[in-house]
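Q: Got a structure for you, written out below as structure tokens; questions coming shortly.
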Amino acid sequence: MSKRGPDTEEYPRRVFNTVKRPKINHDDNRPWLRLSHHSYTVGWICAVEPEHVAATVFLDEEHEGLDSLSSKDNNTYTLGRIGGHNVVIAVMPNDYGTTSASLAARDMLHSFSNIRTCVMVGIGGGAPSPKHDIRLGDVVPPLFLQTAVKALRTKYAISGHRLQEAISDVLEKHPRIAKDYKQPNPNTDRLYKAHVIHPNGEESCAAICGDDLSNLVERPERKENPVIHYGLIASANQVMKDATVRDTLAENKDVLCFEMEAAGLMNHFPCLVVRGICDYADTHKNKEW
Ligand SMILES: [Zn+2]
């Protein structure tokens with residue numbers, strides 16, 4: 001059997017590291033490690049470039065890019081190590097949606113055939129309810145890959161998740177991205193009552209919907225942010241922007257969050273979906289979160 005290699009005509013050489021982003025190992029003058037494709041066992045799929053940047057700065061070390069195994073692979077990759085794992089981070093080539101996600105997963109598996117676990121980290125629309133006090137910036141994973149998630153849940157219940165410290169550490173190390181990647185002002189987290197509809201147009205909620213308490217769901221001040229919620233994430237190929245449907249699904253199905261890629265990914269292999277809440281799956285708009 002002939003060996004598939006990057007230098008054959010069928011699989012032309014292509015360098016992955018085309019994205020401008022913070023470099024990790026430069027401070028201590030260590031040369032970047034160069035591993036083989038087979039050394040990577042964890043895949044991490046990001047929907048958009050800002051998520052790719054955020055993922056990259058959380059690497060313990062970044063590895064040198066590798067030539068592609070497949071000329072048909074459209075992903076852009078960053079390689080590195082987190083904890084004890086060699087991780088491939090890919091940003092989807094096209095746009096949001098289940099089809100893009102499944103194509104990205106397929107290409108990644110072609111190029112990195114030893115990947116056994118995949119995480120899909122991105123944004124989602126929260127479904128706050130009397131049962132689940134979900135706020136912007138909170139994190140939602142499903143109770144999937146049960147053992148791993150349950151172990152994490154137990155650990156966080158005992159000693160806290162330290163997410164805020166981890167984020168502060170990374171932003172201190174990469175001050176150039178701090179402005180765009182730090183947590184927005186909590187005052188801009190407004191949950192409007194379901195009947196309050198944002199009028200068509202791009203105007204912000206601050207200008208249009210306002211801070212009138214009769215329009216807002218009253219919520220107590222939080223002691224710790226963000227909170228991690230464990231439960232059902234609903235996946236569709238279009239954006240959920242309807243507070244009434246959101247509330248119905250939250251009540252009847254106990255949905256915590258809506259997103260747009262996981263269903264496509266799940267068709268390929270089991271994948272842990274983690275979502276940061278950026279809106280409330282209603283008509284309102286905010287660009288900060
Ligand atoms: Zn609004």
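Letters A, B, ... go to the chains of the structure tokens in the order shown; residues in each chain start at 1; ligands are counted from 1 in the same order.
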List as a ChimeraX atom specification the protein and nucleic acid residues lying within 8 Å of ligand 1, with only C-alpha atoms and all ligand atoms counted.
A: /A:192,196-199,204-206,208-210,283-285
Q: Go ahead and save the residues from that selection, with C-alpha atoms, as a PDB file, in the first residue's frame.
A:
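Saved to out-v7.pdb:
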```
ATOM      1  CA  TYR A 192     -36.506  41.614  28.489  1.00  0.00           C
ATOM      2  CA  VAL A 196     -41.196  43.037  24.678  1.00  0.00           C
ATOM      3  CA  ILE A 197     -40.251  42.815  21.003  1.00  0.00           C
ATOM      4  CA  HIS A 198     -37.243  44.637  19.581  1.00  0.00           C
ATOM      5  CA  PRO A 199     -38.415  46.753  16.595  1.00  0.00           C
ATOM      6  CA  SER A 204     -29.290  48.973  20.163  1.00  0.00           C
ATOM      7  CA  CYS A 205     -31.530  47.930  23.022  1.00  0.00           C
ATOM      8  CA  ALA A 206     -30.100  50.714  25.165  1.00  0.00           C
ATOM      9  CA  ILE A 208     -34.727  51.561  21.725  1.00  0.00           C
ATOM     10  CA  CYS A 209     -35.939  49.140  24.398  1.00  0.00           C
ATOM     11  CA  GLY A 210     -34.357  50.965  27.312  1.00  0.00           C
ATOM     12  CA  THR A 283     -35.418  39.673  19.135  1.00  0.00           C
ATOM     13  CA  HIS A 284     -33.077  41.939  21.127  1.00  0.00           C
ATOM     14  CA  LYS A 285     -29.638  42.900  19.968  1.00  0.00           C
TER      15      LYS A 285
END
```
Q: Find the spatial neighbours of A:Val48, counting only C-alpha atoms, within a cut-off of 12 Å - ignore same-chain residues fewer than 5 positions away - and output them as a list of chain:residue names.
A: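 That gives A:Val53, A:Ala54, A:Ala55, A:Asn75, A:Thr76, A:Ile89, A:Ala90, A:Val91, A:Met92, A:Pro93, A:Asn94, A:Asp95, A:Tyr96, A:Gly97, A:Ser100, A:Ala101, A:Ala104, A:Met120, A:Val121, A:Gly122, A:Ile123, A:Glu261.
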Q: Limited to N, CA and C atoms, could you put the picked residues into a file as an mmCIF file, in the first residue's frame?
A:
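Output below, filename part13.cif:
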```cif
data_model
loop_
_atom_site.group_PDB
_atom_site.id
_atom_site.type_symbol
_atom_site.label_atom_id
_atom_site.label_comp_id
_atom_site.auth_asym_id
_atom_site.auth_seq_id
_atom_site.Cartn_x
_atom_site.Cartn_y
_atom_site.Cartn_z
ATOM 1 N N VAL A 53 -9.181 32.591 18.123
ATOM 2 C CA VAL A 53 -8.178 33.357 18.878
ATOM 3 C C VAL A 53 -8.279 33.017 20.361
ATOM 4 N N ALA A 54 -9.525 32.990 20.875
ATOM 5 C CA ALA A 54 -9.720 32.694 22.305
ATOM 6 C C ALA A 54 -9.201 31.303 22.636
ATOM 7 N N ALA A 55 -9.459 30.329 21.753
ATOM 8 C CA ALA A 55 -8.988 28.960 22.001
ATOM 9 C C ALA A 55 -7.463 28.916 22.006
ATOM 10 N N ASN A 75 -10.125 23.601 6.316
ATOM 11 C CA ASN A 75 -9.998 24.221 7.633
ATOM 12 C C ASN A 75 -8.668 24.954 7.777
ATOM 13 N N THR A 76 -8.644 25.899 8.710
ATOM 14 C CA THR A 76 -7.399 26.502 9.169
ATOM 15 C C THR A 76 -7.137 25.953 10.563
ATOM 16 N N ILE A 89 -6.940 22.698 16.833
ATOM 17 C CA ILE A 89 -8.035 23.678 16.835
ATOM 18 C C ILE A 89 -8.310 24.088 15.391
ATOM 19 N N ALA A 90 -9.552 23.980 14.975
ATOM 20 C CA ALA A 90 -9.913 24.355 13.605
ATOM 21 C C ALA A 90 -10.974 25.425 13.627
ATOM 22 N N VAL A 91 -10.864 26.352 12.683
ATOM 23 C CA VAL A 91 -11.948 27.314 12.535
ATOM 24 C C VAL A 91 -12.672 26.958 11.245
ATOM 25 N N MET A 92 -13.994 26.982 11.309
ATOM 26 C CA MET A 92 -14.798 26.572 10.169
ATOM 27 C C MET A 92 -14.590 27.518 8.994
ATOM 28 N N PRO A 93 -14.490 26.976 7.782
ATOM 29 C CA PRO A 93 -14.160 27.806 6.626
ATOM 30 C C PRO A 93 -15.281 28.750 6.220
ATOM 31 N N ASN A 94 -16.511 28.369 6.423
ATOM 32 C CA ASN A 94 -17.591 29.183 5.877
ATOM 33 C C ASN A 94 -18.292 30.005 6.932
ATOM 34 N N ASP A 95 -19.493 29.630 7.218
ATOM 35 C CA ASP A 95 -20.295 30.445 8.101
ATOM 36 C C ASP A 95 -20.866 29.548 9.189
ATOM 37 N N TYR A 96 -21.668 30.156 10.066
ATOM 38 C CA TYR A 96 -22.365 29.355 11.064
ATOM 39 C C TYR A 96 -23.225 28.299 10.378
ATOM 40 N N GLY A 97 -23.569 27.238 11.079
ATOM 41 C CA GLY A 97 -24.558 26.308 10.557
ATOM 42 C C GLY A 97 -24.103 24.870 10.659
ATOM 43 N N SER A 100 -21.715 23.550 7.709
ATOM 44 C CA SER A 100 -20.324 23.966 7.853
ATOM 45 C C SER A 100 -19.623 23.167 8.932
ATOM 46 N N ALA A 101 -20.326 22.948 10.047
ATOM 47 C CA ALA A 101 -19.707 22.235 11.165
ATOM 48 C C ALA A 101 -19.377 20.807 10.772
ATOM 49 N N ALA A 104 -16.388 20.779 8.461
ATOM 50 C CA ALA A 104 -15.148 21.043 9.201
ATOM 51 C C ALA A 104 -14.687 19.792 9.941
ATOM 52 N N MET A 120 -16.745 21.234 20.647
ATOM 53 C CA MET A 120 -17.210 22.331 19.811
ATOM 54 C C MET A 120 -17.561 23.462 20.755
ATOM 55 N N VAL A 121 -16.749 24.503 20.737
ATOM 56 C CA VAL A 121 -16.951 25.610 21.669
ATOM 57 C C VAL A 121 -17.392 26.823 20.880
ATOM 58 N N GLY A 122 -18.418 27.474 21.339
ATOM 59 C CA GLY A 122 -18.891 28.652 20.611
ATOM 60 C C GLY A 122 -19.946 29.386 21.412
ATOM 61 N N ILE A 123 -20.731 30.203 20.696
ATOM 62 C CA ILE A 123 -21.743 30.995 21.380
ATOM 63 C C ILE A 123 -23.119 30.369 21.199
ATOM 64 N N GLU A 261 -24.577 24.593 15.360
ATOM 65 C CA GLU A 261 -23.619 23.709 14.686
ATOM 66 C C GLU A 261 -23.644 22.257 15.131
#
```
Q: May I ask for the distance between atom CA of A:Ser36 and atom CA of A:Phe112, given in Å to one decimal place?
A: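 Atom CA of A:Phe112 lies 9.2 Å from atom CA of A:Ser36.
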Q: Would you mind telling me which residue in A:Ala105, A:Ala207, A:Leu59, A:Leu191 lies nearest to A:Arg135 when using only C-alpha atoms?
A: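 Among the listed residues, A:Leu191 lies closest to A:Arg135.
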Q: Need to verify the contact set: A:Leu232, 7 Å, only C-alpha atoms, exclusion of same-chain residues closer than 2 positions in sequence. Can you return it as number ranges by chain?
A: A: 142, 234, 254-256
Q: Residues near A:Cys271, anyone? I mean within 12 Å using only C-alpha atoms, not counting same-chain ones fewer than 5 positions away, as a ChimeraX atom specification.
A: /A:42-45,101-102,105,115-121,141-146,261-266
Q: In Å, rounded to a single decimal, give me how far atom CA of A:Ile167 is from atom CA of A:Tyr40.
A: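 Here the two named atoms are 24.9 Å from each other.
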Q: If you run DSSP on the backbone, which residues of stretch 28-275 of chain A are alpha helix (DSSP H), as JSON, numbers by chain?
A: {"A": [49, 50, 51, 52, 53, 54, 55, 56, 57, 98, 99, 100, 101, 102, 103, 104, 105, 106, 107, 108, 109, 110, 111, 146, 147, 148, 149, 150, 151, 152, 153, 154, 155, 156, 157, 158, 159, 163, 164, 165, 166, 167, 168, 169, 170, 171, 172, 173, 175, 176, 177, 178, 179, 180, 181, 205, 206, 207, 208, 243, 244, 245, 246, 247, 248, 249, 250, 251, 252, 253, 262, 263, 264, 265, 266]}
Q: Which residue out of A:Ile177, A:Ala250, A:Cys257, A:Val88 has the minimum interatomic distance to A:Ala236 when only C-alpha atoms are used?
A: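 Among the listed residues, A:Cys257 lies closest to A:Ala236.
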Q: Identify all residues of stretch 115-235 of chain A in strand (DSSP E) (DSSP on the backbone) and supply them as a list in words.
A: Thr117, Cys118, Val119, Met120, Val121, Gly122, Ile123, Gly124, Gly125, Gly126, Val139, Val140, Leu232, Ile233, Ala234 and Ser235 of chain A
Q: Using the selection just defined, write its residues with N, CA and C atoms as a PDB file, in the first residue's frame.
A:
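Wrote again_38.pdb, looks like this:
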```pdb
ATOM      1  N   THR A 117     -11.748  12.469  20.402  1.00  0.00           N
ATOM      2  CA  THR A 117     -12.710  13.299  21.125  1.00  0.00           C
ATOM      3  C   THR A 117     -12.739  14.667  20.466  1.00  0.00           C
ATOM      4  N   CYS A 118     -13.926  15.218  20.397  1.00  0.00           N
ATOM      5  CA  CYS A 118     -14.025  16.534  19.779  1.00  0.00           C
ATOM      6  C   CYS A 118     -14.815  17.469  20.689  1.00  0.00           C
ATOM      7  N   VAL A 119     -14.360  18.683  20.807  1.00  0.00           N
ATOM      8  CA  VAL A 119     -15.155  19.684  21.511  1.00  0.00           C
ATOM      9  C   VAL A 119     -15.522  20.792  20.530  1.00  0.00           C
ATOM     10  N   MET A 120     -16.745  21.234  20.647  1.00  0.00           N
ATOM     11  CA  MET A 120     -17.210  22.331  19.811  1.00  0.00           C
ATOM     12  C   MET A 120     -17.561  23.462  20.755  1.00  0.00           C
ATOM     13  N   VAL A 121     -16.749  24.503  20.737  1.00  0.00           N
ATOM     14  CA  VAL A 121     -16.951  25.610  21.669  1.00  0.00           C
ATOM     15  C   VAL A 121     -17.392  26.823  20.880  1.00  0.00           C
ATOM     16  N   GLY A 122     -18.418  27.474  21.339  1.00  0.00           N
ATOM     17  CA  GLY A 122     -18.891  28.652  20.611  1.00  0.00           C
ATOM     18  C   GLY A 122     -19.946  29.386  21.412  1.00  0.00           C
ATOM     19  N   ILE A 123     -20.731  30.203  20.696  1.00  0.00           N
ATOM     20  CA  ILE A 123     -21.743  30.995  21.380  1.00  0.00           C
ATOM     21  C   ILE A 123     -23.119  30.369  21.199  1.00  0.00           C
ATOM     22  N   GLY A 124     -24.033  30.763  22.053  1.00  0.00           N
ATOM     23  CA  GLY A 124     -25.391  30.255  21.954  1.00  0.00           C
ATOM     24  C   GLY A 124     -26.365  31.233  22.582  1.00  0.00           C
ATOM     25  N   GLY A 125     -27.636  31.033  22.283  1.00  0.00           N
ATOM     26  CA  GLY A 125     -28.698  31.866  22.859  1.00  0.00           C
ATOM     27  C   GLY A 125     -29.254  31.180  24.096  1.00  0.00           C
ATOM     28  N   GLY A 126     -29.227  31.849  25.214  1.00  0.00           N
ATOM     29  CA  GLY A 126     -29.670  31.259  26.473  1.00  0.00           C
ATOM     30  C   GLY A 126     -31.185  31.227  26.588  1.00  0.00           C
ATOM     31  N   VAL A 139     -21.879  29.654  30.893  1.00  0.00           N
ATOM     32  CA  VAL A 139     -21.422  28.553  30.054  1.00  0.00           C
ATOM     33  C   VAL A 139     -22.431  27.414  30.155  1.00  0.00           C
ATOM     34  N   VAL A 140     -22.767  26.788  29.018  1.00  0.00           N
ATOM     35  CA  VAL A 140     -23.674  25.628  29.037  1.00  0.00           C
ATOM     36  C   VAL A 140     -23.025  24.437  28.327  1.00  0.00           C
ATOM     37  N   LEU A 232     -29.645  20.400  28.525  1.00  0.00           N
ATOM     38  CA  LEU A 232     -29.949  20.215  27.110  1.00  0.00           C
ATOM     39  C   LEU A 232     -29.629  21.461  26.265  1.00  0.00           C
ATOM     40  N   ILE A 233     -28.884  21.229  25.179  1.00  0.00           N
ATOM     41  CA  ILE A 233     -28.611  22.279  24.196  1.00  0.00           C
ATOM     42  C   ILE A 233     -29.358  21.911  22.918  1.00  0.00           C
ATOM     43  N   ALA A 234     -30.218  22.820  22.451  1.00  0.00           N
ATOM     44  CA  ALA A 234     -30.977  22.549  21.230  1.00  0.00           C
ATOM     45  C   ALA A 234     -30.197  23.076  20.034  1.00  0.00           C
ATOM     46  N   SER A 235     -30.178  22.291  18.958  1.00  0.00           N
ATOM     47  CA  SER A 235     -29.382  22.653  17.792  1.00  0.00           C
ATOM     48  C   SER A 235     -30.273  22.778  16.562  1.00  0.00           C
TER      49      SER A 235
END
```
Q: Which residue is closest to A:Arg162? Choose from A:Ser71, A:Asn225, A:Asp133, A:Lys253 and count only C-alpha atoms.
A: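 Comparing A:Ser71, A:Asn225, A:Asp133, A:Lys253 against A:Arg162, the winner is A:Asn225.
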Q: So how many Å separate atom CA of A:Asp138 and atom CA of A:Gly276, to one decimal?
A: 5.7 Å
Q: If you count only C-alpha atoms, which residues fall within 9 Å of A:Thr188, apart from same-chain ones fewer than 6 positions away, as a short mmCIF file (atom, residue, chain, number, x, y, z; two decimals) with C-alpha atoms, in the first residue's frame?
A:
```cif
data_model
loop_
_atom_site.label_atom_id
_atom_site.label_comp_id
_atom_site.auth_asym_id
_atom_site.auth_seq_id
_atom_site.Cartn_x
_atom_site.Cartn_y
_atom_site.Cartn_z
CA ALA A 206 -30.10 50.71 25.17
CA ASN A 286 -26.33 43.38 21.66
CA GLU A 288 -20.94 43.47 23.33
CA TRP A 289 -21.47 39.88 24.39
#
```
Q: Looking at A:Asn114, A:Asn215, A:Thr147, A:Gln164, which one is nearest to A:Leu272, with distances taken over only C-alpha atoms?
A: A:Thr147
